[in-house]
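Raw input-v6.txt, compact mmCIF, C-alpha atoms:
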# COMPACT_ATOMS: atom_id res chain seq x y z
CA MET A 1 22.88 -9.92 15.59
CA SER A 2 20.07 -12.13 16.74
CA ARG A 3 16.89 -12.09 14.75
CA PRO A 4 13.71 -11.69 16.83
CA GLU A 5 11.73 -13.24 13.96
CA ASP A 6 13.33 -16.58 14.75
CA THR A 7 12.34 -16.61 18.40
CA LEU A 8 8.63 -15.75 18.67
CA PRO A 9 5.70 -14.56 16.54
CA PRO A 10 5.41 -10.73 16.45
CA ASP A 11 2.27 -10.49 18.59
CA LEU A 12 4.01 -12.39 21.40
CA PHE A 13 7.51 -10.99 20.93
CA TYR A 14 6.42 -7.36 21.25
CA ASN A 15 4.90 -7.68 24.70
CA ASP A 16 4.56 -4.75 27.09
CA SER A 17 8.19 -4.63 28.17
CA GLU A 18 9.61 -5.21 24.68
CA SER A 19 7.32 -2.56 23.17
CA ARG A 20 8.40 -0.04 25.77
CA LYS A 21 12.05 -0.89 25.19
CA TYR A 22 11.61 -0.46 21.45
CA THR A 23 9.87 2.88 21.77
CA THR A 24 12.10 4.47 24.40
CA SER A 25 15.46 3.36 23.00
CA SER A 26 17.00 6.47 21.48
CA ARG A 27 19.14 4.36 19.17
CA ILE A 28 16.13 2.60 17.65
CA GLN A 29 14.26 5.90 17.47
CA HIS A 30 17.14 7.44 15.55
CA ILE A 31 17.43 4.56 13.08
CA GLN A 32 13.67 4.39 12.65
CA SER A 33 13.35 8.10 11.90
CA GLN A 34 16.26 7.95 9.47
CA MET A 35 14.60 5.12 7.59
CA THR A 36 11.24 6.87 7.58
CA HIS A 37 12.82 10.00 6.11
CA ARG A 38 14.52 7.91 3.46
CA ALA A 39 11.26 6.13 2.64
CA LEU A 40 9.45 9.46 2.44
CA SER A 41 12.00 10.83 0.03
CA LEU A 42 11.54 7.71 -2.12
CA LEU A 43 7.78 8.21 -2.11
CA SER A 44 8.27 11.85 -3.21
CA LEU A 45 4.77 12.97 -2.28
CA ARG A 46 3.95 16.51 -3.27
CA SER A 47 0.67 17.16 -1.49
CA PRO A 48 -0.96 15.99 1.75
CA SER A 49 -1.87 12.35 1.16
CA LEU A 50 -3.46 9.34 2.78
CA ILE A 51 -0.76 6.84 3.74
CA LEU A 52 -0.96 3.29 5.01
CA ASP A 53 1.68 2.33 7.57
CA ILE A 54 2.08 -1.45 7.76
CA GLY A 55 3.56 -2.48 11.06
CA CYS A 56 3.18 0.99 12.51
CA GLY A 57 4.11 -0.20 16.00
CA SER A 58 4.06 2.66 18.45
CA GLY A 59 3.74 5.22 15.67
CA LEU A 60 7.39 6.28 15.48
CA SER A 61 7.21 6.76 11.73
CA GLY A 62 3.65 8.04 11.90
CA GLU A 63 4.79 11.00 13.95
CA ILE A 64 7.13 11.96 11.13
CA LEU A 65 4.39 11.54 8.54
CA SER A 66 2.00 13.85 10.33
CA THR A 67 4.45 16.71 10.81
CA PHE A 68 5.35 19.17 8.12
CA SER A 69 8.93 20.16 7.47
CA PRO A 70 10.11 21.83 4.27
CA GLU A 71 13.30 19.75 3.91
CA THR A 72 12.29 16.26 4.93
CA ASN A 73 8.53 16.15 4.46
CA PRO A 74 7.67 18.80 1.86
CA GLY A 75 4.30 17.29 0.96
CA GLY A 76 3.10 16.97 4.56
CA PRO A 77 1.35 16.86 6.89
CA HIS A 78 -0.01 13.52 5.73
CA THR A 79 -2.89 11.59 7.21
CA TRP A 80 -2.02 8.00 7.99
CA ILE A 81 -3.65 4.74 8.98
CA GLY A 82 -1.54 2.19 10.80
CA LEU A 83 -1.79 -1.59 11.04
CA ASP A 84 0.02 -3.63 13.65
CA ILE A 85 -0.32 -7.11 15.07
CA SER A 86 1.04 -6.32 18.53
CA SER A 87 -1.53 -4.92 20.94
CA SER A 88 1.21 -3.80 23.35
CA MET A 89 2.79 -1.67 20.64
CA LEU A 90 -0.59 -0.12 19.88
CA ALA A 91 -1.12 0.57 23.55
CA VAL A 92 2.11 2.58 23.59
CA ALA A 93 0.93 4.44 20.49
CA LEU A 94 -2.36 5.20 22.22
CA GLU A 95 -0.52 6.62 25.20
CA LYS A 96 1.49 8.88 22.94
CA GLU A 97 -1.76 10.09 21.32
CA VAL A 98 -0.58 9.70 17.74
CA GLU A 99 -2.71 11.32 15.06
CA GLY A 100 -3.26 8.32 12.79
CA ASP A 101 -5.97 5.73 13.07
CA LEU A 102 -4.76 2.40 14.44
CA PHE A 103 -5.81 -1.14 13.63
CA LEU A 104 -4.98 -4.40 15.30
CA ALA A 105 -4.52 -6.53 12.21
CA ASP A 106 -2.25 -9.11 10.64
CA ALA A 107 -0.88 -7.92 7.31
CA GLY A 108 -0.46 -11.57 6.31
CA GLN A 109 -4.27 -11.88 6.35
CA GLY A 110 -4.64 -9.15 3.75
CA VAL A 111 -5.35 -5.43 3.84
CA PRO A 112 -8.99 -4.68 4.71
CA PHE A 113 -9.49 -1.54 2.62
CA ARG A 114 -11.42 -0.99 -0.55
CA PRO A 115 -9.57 -0.61 -3.86
CA GLY A 116 -7.81 2.64 -4.60
CA THR A 117 -7.84 3.97 -1.04
CA PHE A 118 -4.27 5.07 -0.43
CA ASP A 119 -1.88 7.43 -2.18
CA ALA A 120 1.10 5.62 -0.73
CA ALA A 121 2.15 2.97 1.73
CA ILE A 122 5.12 2.74 4.01
CA SER A 123 6.44 -0.13 6.08
CA ILE A 124 9.49 0.12 8.30
CA SER A 125 11.10 -3.09 9.58
CA ALA A 126 7.97 -5.20 9.35
CA VAL A 127 7.86 -7.30 6.17
CA GLN A 128 10.47 -9.80 7.41
CA TRP A 129 7.93 -10.92 10.01
CA LEU A 130 5.71 -12.16 7.19
CA CYS A 131 8.37 -14.66 6.17
CA ASN A 132 7.46 -16.79 9.18
CA ALA A 133 4.30 -18.81 9.52
CA GLU A 134 3.15 -19.84 12.95
CA SER A 135 0.71 -22.58 12.08
CA THR A 136 0.55 -25.40 9.59
CA GLU A 137 -2.49 -23.85 7.93
CA GLU A 138 -0.50 -21.00 6.43
CA SER A 139 2.80 -20.65 4.62
CA PRO A 140 5.21 -17.70 4.36
CA ALA A 141 4.62 -17.53 0.61
CA GLY A 142 0.86 -17.50 1.13
CA ARG A 143 1.07 -14.76 3.75
CA LEU A 144 3.33 -12.64 1.57
CA SER A 145 1.09 -13.05 -1.44
CA ARG A 146 -2.06 -12.13 0.51
CA PHE A 147 -0.32 -9.08 1.87
CA PHE A 148 1.01 -7.83 -1.47
CA ASN A 149 -2.23 -8.62 -3.29
CA GLY A 150 -4.19 -6.66 -0.69
CA LEU A 151 -1.70 -3.82 -0.76
CA TYR A 152 -1.75 -3.65 -4.55
CA ALA A 153 -5.52 -3.41 -4.60
CA SER A 154 -5.75 -0.78 -1.88
CA LEU A 155 -3.28 1.62 -3.51
CA ARG A 156 -4.55 3.99 -6.16
CA ARG A 157 -3.14 3.93 -9.70
CA GLY A 158 0.24 5.59 -9.81
CA GLY A 159 0.65 5.07 -6.07
CA ARG A 160 3.86 3.94 -4.46
CA ALA A 161 4.89 1.83 -1.54
CA VAL A 162 8.24 1.67 0.21
CA CYS A 163 8.92 -1.29 2.48
CA GLN A 164 12.13 -1.30 4.47
CA PHE A 165 12.89 -4.76 5.78
CA TYR A 166 15.69 -6.90 7.16
CA PRO A 167 16.07 -9.95 4.93
CA LYS A 168 17.73 -12.90 6.58
CA ASN A 169 19.52 -13.93 3.38
CA ASP A 170 19.38 -13.43 -0.38
CA GLU A 171 16.78 -16.12 -0.66
CA GLN A 172 14.38 -14.23 1.58
CA LYS A 173 15.07 -11.02 -0.31
CA LYS A 174 14.12 -12.78 -3.51
CA MET A 175 11.03 -14.36 -1.99
CA VAL A 176 9.69 -10.99 -0.86
CA SER A 177 10.40 -9.13 -4.09
CA SER A 178 9.06 -11.88 -6.32
CA ALA A 179 5.87 -12.03 -4.24
CA ALA A 180 5.46 -8.29 -4.85
CA VAL A 181 6.05 -8.64 -8.58
CA ARG A 182 3.56 -11.48 -8.77
CA ALA A 183 0.93 -9.25 -7.16
CA GLY A 184 1.37 -6.82 -10.05
CA PHE A 185 3.76 -4.26 -8.59
CA GLY A 186 6.72 -2.81 -10.38
CA ALA A 187 9.36 -3.64 -7.80
CA GLY A 188 12.92 -2.55 -7.18
CA LEU A 189 15.30 -3.27 -4.34
CA LEU A 190 17.41 -0.43 -3.07
CA GLU A 191 20.25 -1.04 -0.66
CA ASP A 192 21.84 1.64 1.46
CA ASP A 193 25.37 0.92 2.75
CA PRO A 194 25.47 -2.59 1.25
CA GLY A 195 27.88 -5.00 2.86
CA THR A 196 28.15 -3.08 6.13
CA LYS A 197 26.53 -3.91 9.43
CA SER A 198 24.00 -1.12 8.98
CA ALA A 199 22.85 -2.20 5.51
CA LYS A 200 19.26 -1.25 4.86
CA THR A 201 17.10 -2.87 2.23
CA TYR A 202 14.18 -0.94 0.74
CA LEU A 203 11.65 -2.54 -1.52
CA VAL A 204 10.22 0.20 -3.72
CA LEU A 205 6.88 -0.70 -5.30
CA THR A 206 4.80 1.12 -7.88
CA VAL A 207 1.28 0.62 -9.15
CA GLY A 208 0.86 1.33 -12.86
CA GLY A 209 2.55 4.53 -13.93
CA GLY A 210 4.21 3.97 -17.30
CA GLU A 211 6.22 7.18 -17.30
CA LEU A 212 8.79 5.73 -14.89
CA ASP A 213 10.37 3.44 -17.51
CA GLY A 214 11.85 0.99 -15.05
CA ASP A 215 13.46 3.62 -12.85
CA ILE A 216 10.99 3.31 -10.04
CA THR A 217 13.10 4.69 -7.24
CA GLY A 218 13.93 7.79 -9.25
CA VAL A 219 17.47 7.70 -7.86
CA VAL A 220 19.16 7.72 -11.24
CA ARG A 221 16.72 10.08 -12.91
CA GLY A 222 18.50 12.68 -15.00
CA MET A 223 21.90 11.01 -14.66
CA GLU A 224 23.80 10.57 -17.88
CA GLY A 225 25.22 7.28 -19.06
CA VAL A 226 23.04 5.23 -16.72
CA ASP A 227 20.89 2.46 -18.15
CA VAL A 228 18.19 0.91 -16.05
CA MET A 229 18.17 -2.86 -16.25
CA ASP A 230 14.54 -3.86 -16.33
CA SER A 231 14.19 -7.50 -17.27
CA ARG A 232 10.60 -7.89 -16.22
CA ARG A 233 8.43 -8.27 -19.27
CA ARG A 234 10.50 -7.24 -22.20
CA THR A 235 12.43 -10.47 -22.73
CA LYS A 236 9.26 -12.48 -22.65
CA GLY A 237 7.58 -10.29 -25.27
CA ARG A 238 10.57 -10.25 -27.57
CA LYS A 239 10.94 -14.02 -27.50
CA ARG A 240 7.40 -14.43 -28.64
CA GLY A 241 7.72 -11.83 -31.40
CA GLU A 242 11.03 -13.19 -32.70
CA GLU A 243 9.68 -16.50 -33.90
CA ALA A 244 6.15 -16.45 -35.21
CA LYS A 245 4.31 -19.73 -35.46
CA GLY A 246 4.65 -21.17 -38.96
CA SER A 247 7.76 -19.19 -39.85
CA LYS A 248 10.86 -20.90 -41.21
CA GLY A 249 12.68 -20.68 -37.87
CA TRP A 250 9.74 -22.20 -36.08
CA ILE A 251 9.45 -25.09 -38.55
CA MET A 252 13.17 -25.82 -38.31
CA ARG A 253 13.04 -25.85 -34.54
CA LYS A 254 10.06 -28.17 -34.49
CA LYS A 255 11.70 -30.53 -36.95
CA GLU A 256 14.82 -30.68 -34.82
CA GLN A 257 12.69 -31.32 -31.77
CA MET A 258 10.90 -34.18 -33.47
CA GLU A 259 14.15 -35.63 -34.73
CA ARG A 260 15.55 -35.64 -31.21
CA LYS A 261 12.49 -37.52 -30.09
CA GLY A 262 13.25 -40.19 -32.66
CA LYS A 263 10.39 -39.45 -35.04
CA VAL A 264 10.80 -39.79 -38.81
CA VAL A 265 11.38 -36.28 -40.20
CA LYS A 266 11.81 -35.26 -43.83
CA THR A 267 15.30 -34.00 -44.60
CA ASN A 268 15.75 -30.27 -44.88
CA SER A 269 16.08 -28.74 -48.31
CA LYS A 270 16.07 -25.22 -49.74
CA TYR A 271 12.29 -25.51 -50.04
CA THR A 272 11.73 -26.19 -46.34
CA GLY A 273 9.51 -23.55 -44.78
CA ARG A 274 9.10 -21.62 -47.99
CA LYS A 275 5.77 -20.19 -49.05
CA ARG A 276 3.94 -21.80 -51.95
CA ARG A 277 3.67 -18.94 -54.36
CA ILE A 278 0.83 -18.89 -56.86
CA ALA A 279 2.13 -20.12 -60.21
CA PHE A 280 0.39 -17.60 -62.37
CA MET B 1 -11.33 5.79 14.34
CA LYS B 2 -12.16 8.59 11.95
CA LEU B 3 -15.29 8.40 9.81
CA LEU B 4 -12.99 8.92 6.85
CA THR B 5 -11.23 5.65 7.67
CA LEU B 6 -14.54 3.85 8.08
CA ASN B 7 -15.45 5.02 4.59
CA PHE B 8 -12.54 2.97 3.23
CA LEU B 9 -12.84 -0.14 5.37
CA THR B 10 -14.13 -3.45 4.09
CA CYS B 11 -14.52 -6.83 5.69
CA ALA B 12 -11.14 -8.57 5.97
CA ARG B 13 -12.42 -12.00 5.01
CA LYS B 14 -11.34 -13.30 1.65
CA ALA B 15 -14.79 -14.69 0.90
CA CYS B 16 -16.42 -11.30 1.60
CA LYS B 17 -14.01 -9.13 -0.37
CA ALA B 18 -15.62 -10.05 -3.67
CA THR B 19 -19.17 -9.25 -2.53
CA ASN B 20 -20.79 -5.83 -2.60
CA ALA B 21 -22.17 -6.11 0.91
CA ALA B 22 -18.66 -6.18 2.44
CA PHE B 23 -18.59 -2.40 2.09
CA PRO B 24 -19.50 -0.36 4.04
CA LEU B 25 -19.21 -1.85 7.50
CA HIS B 26 -22.13 -0.91 9.72
CA PRO B 27 -21.41 0.58 13.13
CA LYS B 28 -23.23 -0.90 16.12
CA ASP B 29 -23.47 0.59 19.63
CA ALA B 30 -21.04 3.27 18.49
CA GLU B 31 -19.80 5.82 20.95
CA LEU B 32 -18.62 8.96 19.17
CA GLU B 33 -15.94 11.41 20.16
CA ILE B 34 -14.83 14.70 18.64
CA VAL B 35 -11.06 15.00 18.37
CA GLU B 36 -9.77 18.28 17.07
CA VAL B 37 -7.48 17.99 14.08
CA GLU B 38 -5.70 20.79 12.32
CA LEU B 39 -7.46 21.76 9.09
CA SER B 40 -5.62 20.68 5.96
CA PRO B 41 -7.62 22.02 3.01
CA LEU B 42 -5.40 20.38 0.40
CA PHE B 43 -5.84 16.98 1.98
CA VAL B 44 -9.62 17.31 1.99
CA ARG B 45 -9.55 18.33 -1.66
CA ASN B 46 -7.26 15.42 -2.45
CA ILE B 47 -9.36 12.81 -0.63
CA LEU B 48 -12.86 13.98 -1.60
CA PRO B 49 -13.07 12.20 -4.99
CA ARG B 50 -12.22 8.92 -3.28
CA VAL B 51 -14.94 9.16 -0.61
CA GLU B 52 -18.03 7.06 -1.27
CA TRP B 53 -20.60 9.77 -0.70
CA GLU B 54 -23.63 7.51 -0.51
CA ALA B 55 -21.99 5.35 2.17
CA LEU B 56 -21.00 8.44 4.14
CA ARG B 57 -24.54 9.78 3.96
CA THR B 58 -26.13 6.61 5.31
CA LEU B 59 -23.42 6.40 7.94
CA CYS B 60 -24.22 9.90 9.19
CA GLN B 61 -27.90 8.98 9.23
CA ASP B 62 -27.22 5.83 11.25
CA LEU B 63 -25.09 7.70 13.74
CA GLY B 64 -27.63 10.48 14.15
CA LEU B 65 -25.38 13.19 12.76
CA PRO B 66 -26.74 16.16 10.79
CA GLN B 67 -28.03 15.18 7.35
CA LEU B 68 -25.57 15.58 4.48
CA PRO B 69 -26.61 16.87 1.06
CA ALA B 70 -27.65 14.29 -1.53
CA THR B 71 -24.61 14.76 -3.75
CA ALA B 72 -20.96 15.30 -2.93
CA PRO B 73 -19.80 18.91 -3.10
CA GLU B 74 -17.96 19.94 -6.26
CA PRO B 75 -14.25 20.71 -5.95
CA GLY B 76 -15.09 24.30 -6.86
CA GLU B 77 -17.21 24.68 -3.72
CA LEU B 78 -14.29 24.01 -1.41
CA PHE B 79 -12.43 27.25 -1.93
CA THR B 80 -13.60 30.80 -2.41
CA PRO B 81 -12.43 31.98 -5.80
CA ASN B 82 -9.18 33.89 -5.71
CA PRO B 83 -9.31 37.02 -7.86
CA SER B 84 -5.58 37.02 -8.55
CA ASP B 85 -5.54 33.72 -10.46
CA GLY B 86 -8.44 34.11 -12.84
CA VAL B 87 -7.83 33.02 -16.40
CA GLU B 88 -4.19 32.00 -16.58
CA GLY B 89 -4.20 29.94 -13.39
CA GLU B 90 -6.87 27.58 -14.62
CA GLY B 91 -4.73 25.11 -16.51
CA ILE B 92 -1.99 24.51 -13.98
CA GLU B 93 -3.02 23.74 -10.45
CA GLU B 94 -0.46 25.28 -8.20
CA VAL B 95 -0.39 24.29 -4.57
CA GLY B 96 -1.28 27.19 -2.37
CA GLU B 97 -2.87 29.26 -5.14
CA GLU B 98 -6.43 28.63 -3.93
CA GLY B 99 -8.55 31.07 -2.06
CA GLU B 100 -9.78 30.71 1.48
CA PRO B 101 -11.40 27.40 2.49
CA THR B 102 -15.18 27.68 2.53
CA GLN B 103 -17.63 26.56 5.20
CA THR B 104 -18.38 23.44 3.12
CA LEU B 105 -14.77 22.37 3.39
CA LYS B 106 -14.70 23.05 7.12
CA ASP B 107 -17.86 20.99 7.61
CA LEU B 108 -16.39 18.16 5.58
CA HIS B 109 -13.23 18.29 7.64
CA HIS B 110 -15.31 18.13 10.80
CA VAL B 111 -17.30 15.10 9.66
CA LEU B 112 -14.47 13.14 8.04
CA LEU B 113 -11.49 13.85 10.24
CA GLU B 114 -12.69 15.12 13.61
CA THR B 115 -15.63 12.82 14.26
CA THR B 116 -14.29 9.52 15.52
CA ILE B 117 -15.71 6.25 16.77
CA ARG B 118 -14.30 5.48 20.20
CA GLU B 119 -16.09 2.33 21.25
CA GLY B 120 -18.45 -0.03 19.50
CA LYS B 121 -18.62 -2.68 16.86
CA LEU B 122 -18.43 -2.79 13.08
CA VAL B 123 -20.61 -5.37 11.40
CA CYS B 124 -19.99 -6.79 7.93
CA GLY B 125 -23.13 -6.72 5.79
CA SER B 126 -22.17 -9.93 4.03
CA CYS B 127 -21.00 -12.40 6.68
CA GLY B 128 -22.19 -10.64 9.82
CA HIS B 129 -18.78 -10.77 11.49
CA GLU B 130 -18.41 -8.17 14.23
CA TYR B 131 -15.17 -6.25 14.53
CA ALA B 132 -14.74 -4.74 17.96
CA VAL B 133 -13.54 -1.15 18.34
CA LYS B 134 -11.88 -0.30 21.64
CA GLU B 135 -10.40 3.07 22.47
CA GLY B 136 -10.51 3.91 18.78
CA ILE B 137 -8.56 0.82 17.73
CA ALA B 138 -10.46 -1.69 15.63
CA ASN B 139 -9.57 -5.35 15.96
CA PHE B 140 -9.23 -6.82 12.48
CA LEU B 141 -7.44 -10.00 13.52
CA LEU B 142 -9.35 -12.92 12.12
CA PRO B 143 -9.48 -16.31 13.81
CA SER B 144 -7.83 -18.90 11.59
CA HIS B 145 -11.08 -20.56 10.48
CA LEU B 146 -12.30 -17.25 9.00
CA VAL B 147 -9.15 -16.33 7.09
Transcribe the structure of this file into C-alpha cells.
Amino acid sequence: MSRPEDTLPPDLFYNDSESRKYTTSSRIQHIQSQMTHRALSLLSLRSPSLILDIGCGSGLSGEILSTFSPETNPGGPHTWIGLDISSSMLAVALEKEVEGDLFLADAGQGVPFRPGTFDAAISISAVQWLCNAESTEESPAGRLSRFFNGLYASLRRGGRAVCQFYPKNDEQKKMVSSAAVRAGFGAGLLEDDPGTKSAKTYLVLTVGGGELDGDITGVVRGMEGVDVMDSRRRTKGRKRGEEAKGSKGWIMRKKEQMERKGKVVKTNSKYTGRKRRIAF
Amino acid sequence: MKLLTLNFLTCARKACKATNAAFPLHPKDAELEIVEVELSPLFVRNILPRVEWEALRTLCQDLGLPQLPATAPEPGELFTPNPSDGVEGEGIEEVGEEGEPTQTLKDLHHVLLETTIREGKLVCGSCGHEYAVKEGIANFLLPSHLV
C-alpha cells in the first residue's frame, strides 16, 4: 500500500477532493469507527470527560465520542476538542456540524492548552504524519518531542492518551514510542492482528498513576500467570543500588579499570576494600 | 468555539508558554452565537474544578455577558439534595445518584458550552499575536519564525 505521508505534507495532501473522498468512503469510515471504539475501550472512561482529538479530520471519531451508547461508549457523551492541520478536512467537519470545537493547528508545533486541561486524548491515524518534516528548520524528532511534551502537559494527572498510527517500519515505531517516554509518559505499544495486512498499532500513554504497575493498557489485568515486562526505570535503579560507591565491588572494579588503562595499581589482597576497624 | 475551550487555551508560541500573560487569550471583535447543546450535568460537575474562574469572569465582562459571581459555585450547589441518599451515600459517589440539576448548573452550562465565539480574533497578552477565528475555527498555525 502506498503511504500518503511520503508524497505530500498533510495540509496539502488532504485537499478538498481528498478530504471528501476520505470522509465519504464507507470502508474508511468503518475502519475509523472500529479504531475509535477500540481506543475508547482502552481509555476506559467512566464519566463524561473532556477529550482532545489530535488529527480530528472531518470529525469521524468525534461523532462517536459525542454519542452515548451503553456497550461501546459507557462513559459518554464526551465533549471533545479537535486539532487538524488540513483546512479542507475541517471544512467537511463544519458542514457536518460536529459538536466538538475545531482548531486549525499543527500538532508538531505543540498543544496550545494550559496544563491539566484534558481527561484523555485520542488520535486516530495521525501521528505518522509527524515523522516527516517539511522544512530544514525542523526535524521529525523535534516535532514529535514538541507534540508529546505539549500533550503530556495538557493532560491531567492520571489521564490517558491512545494514539493509533501506521508506522512505516520498526524504526519509526521505536522513534514515536521513545519520544513519548522521553516526554514523561508511561508508554505501551499494542498491536491488533500483528503480521496481517490490517495490523493496527496503538500507542497507549499514561500520565502518572502508580496503581497501574506497568500494565497500562489493562488488557492483561486479572489474568493469571501473566507477568508484565516493564523495563523502564527499574533496571537503572537496581544497578545504582547494587554497587554503592566505596564498597568492595566498586573498588575492585575501579582497580581493574585503572589496570586496563595501564596505571600502576596495588595488587589485590584479602585486605583490599576492607573497613579499618578501631583497634580498641 | 465554546467559552469553555477559550478558558483552556494559551498562546501556542514556545516563548510565551512559560509566561503568565499567555493565559487567558483576549477576544477582539468577537461575534457571539448561541448553539444549543444537550445538558450533561455530570460533565459540568467534572469540568468545574478545572475552570479558571477569574479568567472566565473577566471574559464575560469583556464580552458584555451578565456578571458572574465573584467565586466559583461549590459542587454542592449544582444538584438539589436527594433525600434518598442521605448519610450512607456520602462516602461513595455513585454516578446518577445526584438530585436534579439546579439553576446554577444550567446557567453554567449555558455560559460554558452554549455560548460560542463565531468570528473574531484572540490576542495573546504576552506577545500580542492575533489568532483569527473564522466560523468557530481558530487558526493556531504559527508561521515558522514564531515557532
Long-range neighbours of segment 89-96 of chain A as a ChimeraX atom specification, 12 Å cut-off, all atoms listed in the file, 6 positions minimum in chain: /A:10-24,55-63,82-83,102-105 /B:1,134-139
At most 7 Å to chain B: residues in chain A, all atoms listed in the file, as a list of chain:residue names: A:Pro48, A:Ser49, A:Asp101, A:Leu102, A:Phe103, A:Leu104, A:Ala105, A:Asp106, A:Gln109, A:Gly110, A:Val111, A:Pro112, A:Phe113, A:Arg114, A:Thr117
Atomic distance atom CA of Gln164 of chain A - atom CA of Tyr202 of chain A, expressed in Å with one decimal: 4.3 Å
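Counting all atoms listed in the file, Leu65 of chain B has the following residues at most 10 Å away, ignoring those fewer than 5 positions along the same chain: Arg57, Thr58, Leu59, Cys60, Val111 and Thr115 of chain B.
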If the box runs along x, y and z of the file and leaves 8 Å on each side of segment 135-150 of chain A, what are its centre and edge lengths in Å, one decimal, as lines of an AutoDock Vina configuration file?
center_x = 0.5
center_y = -16.0
center_z = 4.4
size_x = 25.4
size_y = 34.7
size_z = 31.4
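Note that atom CA of Ile31 of chain A and atom CA of Glu134 of chain A are 28.3 Å apart.
Using all atoms listed in the file for every distance, the candidate list B:Leu39, B:Cys124, B:Leu32, B:Ala21 yields B:Leu32 as the residue closest to Gly64 of chain B.
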Gap from atom CA of Leu3 of chain B to atom CA of Ile85 of chain A - Å, one decimal: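 For atom CA of Leu3 of chain B relative to atom CA of Ile85 of chain A, the distance reads 22.2 Å.
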Counting only C-alpha atoms, the option among A:Tyr271, A:Arg157, A:Ala244, A:Ser41 closest to Asn73 of chain A: A:Ser41
Quick one: residues within 12 Å of Pro49 of chain B, only C-alpha atoms, excluding same-chain residues fewer than 6 positions away - as a PDB file with C-alpha atoms, in the coordinates of the input?
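Resulting contents of part.pdb:
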ATOM      1  CA  GLY A 116      -7.810   2.640  -4.600  1.00  0.00           C
ATOM      2  CA  THR A 117      -7.840   3.970  -1.040  1.00  0.00           C
ATOM      3  CA  ARG A 156      -4.550   3.990  -6.160  1.00  0.00           C
TER       4      ARG A 156
ATOM      5  CA  PHE B  43      -5.840  16.980   1.980  1.00  0.00           C
ATOM      6  CA  THR B  71     -24.610  14.760  -3.750  1.00  0.00           C
ATOM      7  CA  ALA B  72     -20.960  15.300  -2.930  1.00  0.00           C
ATOM      8  CA  PRO B  73     -19.800  18.910  -3.100  1.00  0.00           C
ATOM      9  CA  GLU B  74     -17.960  19.940  -6.260  1.00  0.00           C
ATOM     10  CA  PRO B  75     -14.250  20.710  -5.950  1.00  0.00           C
TER      11      PRO B  75
END
Among listed residues A:Ala133, A:Met258, A:Ala141, A:Val127, nearest Tyr166 of chain A (using only C-alpha atoms):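 Answer, going by the shortest atom-to-atom distance: A:Val127.
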Contacts of Asp192 of chain A within 10 Å, all atoms listed in the file, excl. fewer than 4 positions in-chain, as a ChimeraX atom specification: /A:38,196,198-202
Polymer residues at most 7 Å from Thr79 of chain A, all atoms listed in the file, same-chain spacing of 5 or more positions, as number ranges by chain: A: 49-51, 66, 100
Kindly output segment 74-78 of chain B as a PDB file, keeping the file's coordinate frame, after building all heavy atoms.
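And here is the file that came out, selection_5.pdb:
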ATOM      1  N   GLU B  74     -18.911  19.823  -5.145  1.00  0.00           N
ATOM      2  CA  GLU B  74     -17.960  19.940  -6.260  1.00  0.00           C
ATOM      3  C   GLU B  74     -16.646  20.498  -5.733  1.00  0.00           C
ATOM      4  O   GLU B  74     -16.632  21.223  -4.731  1.00  0.00           O
ATOM      5  CB  GLU B  74     -18.534  20.895  -7.324  1.00  0.00           C
ATOM      6  CG  GLU B  74     -19.787  20.395  -7.983  1.00  0.00           C
ATOM      7  CD  GLU B  74     -19.533  19.186  -8.862  1.00  0.00           C
ATOM      8  OE1 GLU B  74     -18.534  19.200  -9.608  1.00  0.00           O
ATOM      9  OE2 GLU B  74     -20.313  18.222  -8.770  1.00  0.00           O
ATOM     10  N   PRO B  75     -15.535  20.160  -6.389  1.00  0.00           N
ATOM     11  CA  PRO B  75     -14.250  20.710  -5.950  1.00  0.00           C
ATOM     12  C   PRO B  75     -14.246  22.240  -5.918  1.00  0.00           C
ATOM     13  O   PRO B  75     -13.562  22.854  -5.102  1.00  0.00           O
ATOM     14  CB  PRO B  75     -13.257  20.204  -6.999  1.00  0.00           C
ATOM     15  CG  PRO B  75     -13.904  19.009  -7.590  1.00  0.00           C
ATOM     16  CD  PRO B  75     -15.382  19.211  -7.480  1.00  0.00           C
ATOM     17  N   GLY B  76     -15.029  22.840  -6.804  1.00  0.00           N
ATOM     18  CA  GLY B  76     -15.090  24.300  -6.860  1.00  0.00           C
ATOM     19  C   GLY B  76     -15.723  24.923  -5.628  1.00  0.00           C
ATOM     20  O   GLY B  76     -15.510  26.099  -5.330  1.00  0.00           O
ATOM     21  N   GLU B  77     -16.528  24.127  -4.891  1.00  0.00           N
ATOM     22  CA  GLU B  77     -17.210  24.680  -3.720  1.00  0.00           C
ATOM     23  C   GLU B  77     -16.310  24.735  -2.500  1.00  0.00           C
ATOM     24  O   GLU B  77     -16.696  25.276  -1.468  1.00  0.00           O
ATOM     25  CB  GLU B  77     -18.429  23.810  -3.379  1.00  0.00           C
ATOM     26  CG  GLU B  77     -19.540  23.852  -4.407  1.00  0.00           C
ATOM     27  CD  GLU B  77     -20.621  22.840  -4.062  1.00  0.00           C
ATOM     28  OE1 GLU B  77     -20.941  22.703  -2.872  1.00  0.00           O
ATOM     29  OE2 GLU B  77     -21.125  22.182  -4.990  1.00  0.00           O
ATOM     30  N   LEU B  78     -15.133  24.130  -2.598  1.00  0.00           N
ATOM     31  CA  LEU B  78     -14.290  24.010  -1.410  1.00  0.00           C
ATOM     32  C   LEU B  78     -13.504  25.290  -1.113  1.00  0.00           C
ATOM     33  O   LEU B  78     -13.133  25.550   0.019  1.00  0.00           O
ATOM     34  CB  LEU B  78     -13.322  22.837  -1.555  1.00  0.00           C
ATOM     35  CG  LEU B  78     -13.971  21.467  -1.719  1.00  0.00           C
ATOM     36  CD1 LEU B  78     -12.918  20.404  -1.866  1.00  0.00           C
ATOM     37  CD2 LEU B  78     -14.867  21.146  -0.544  1.00  0.00           C
TER      38      LEU B  78
END
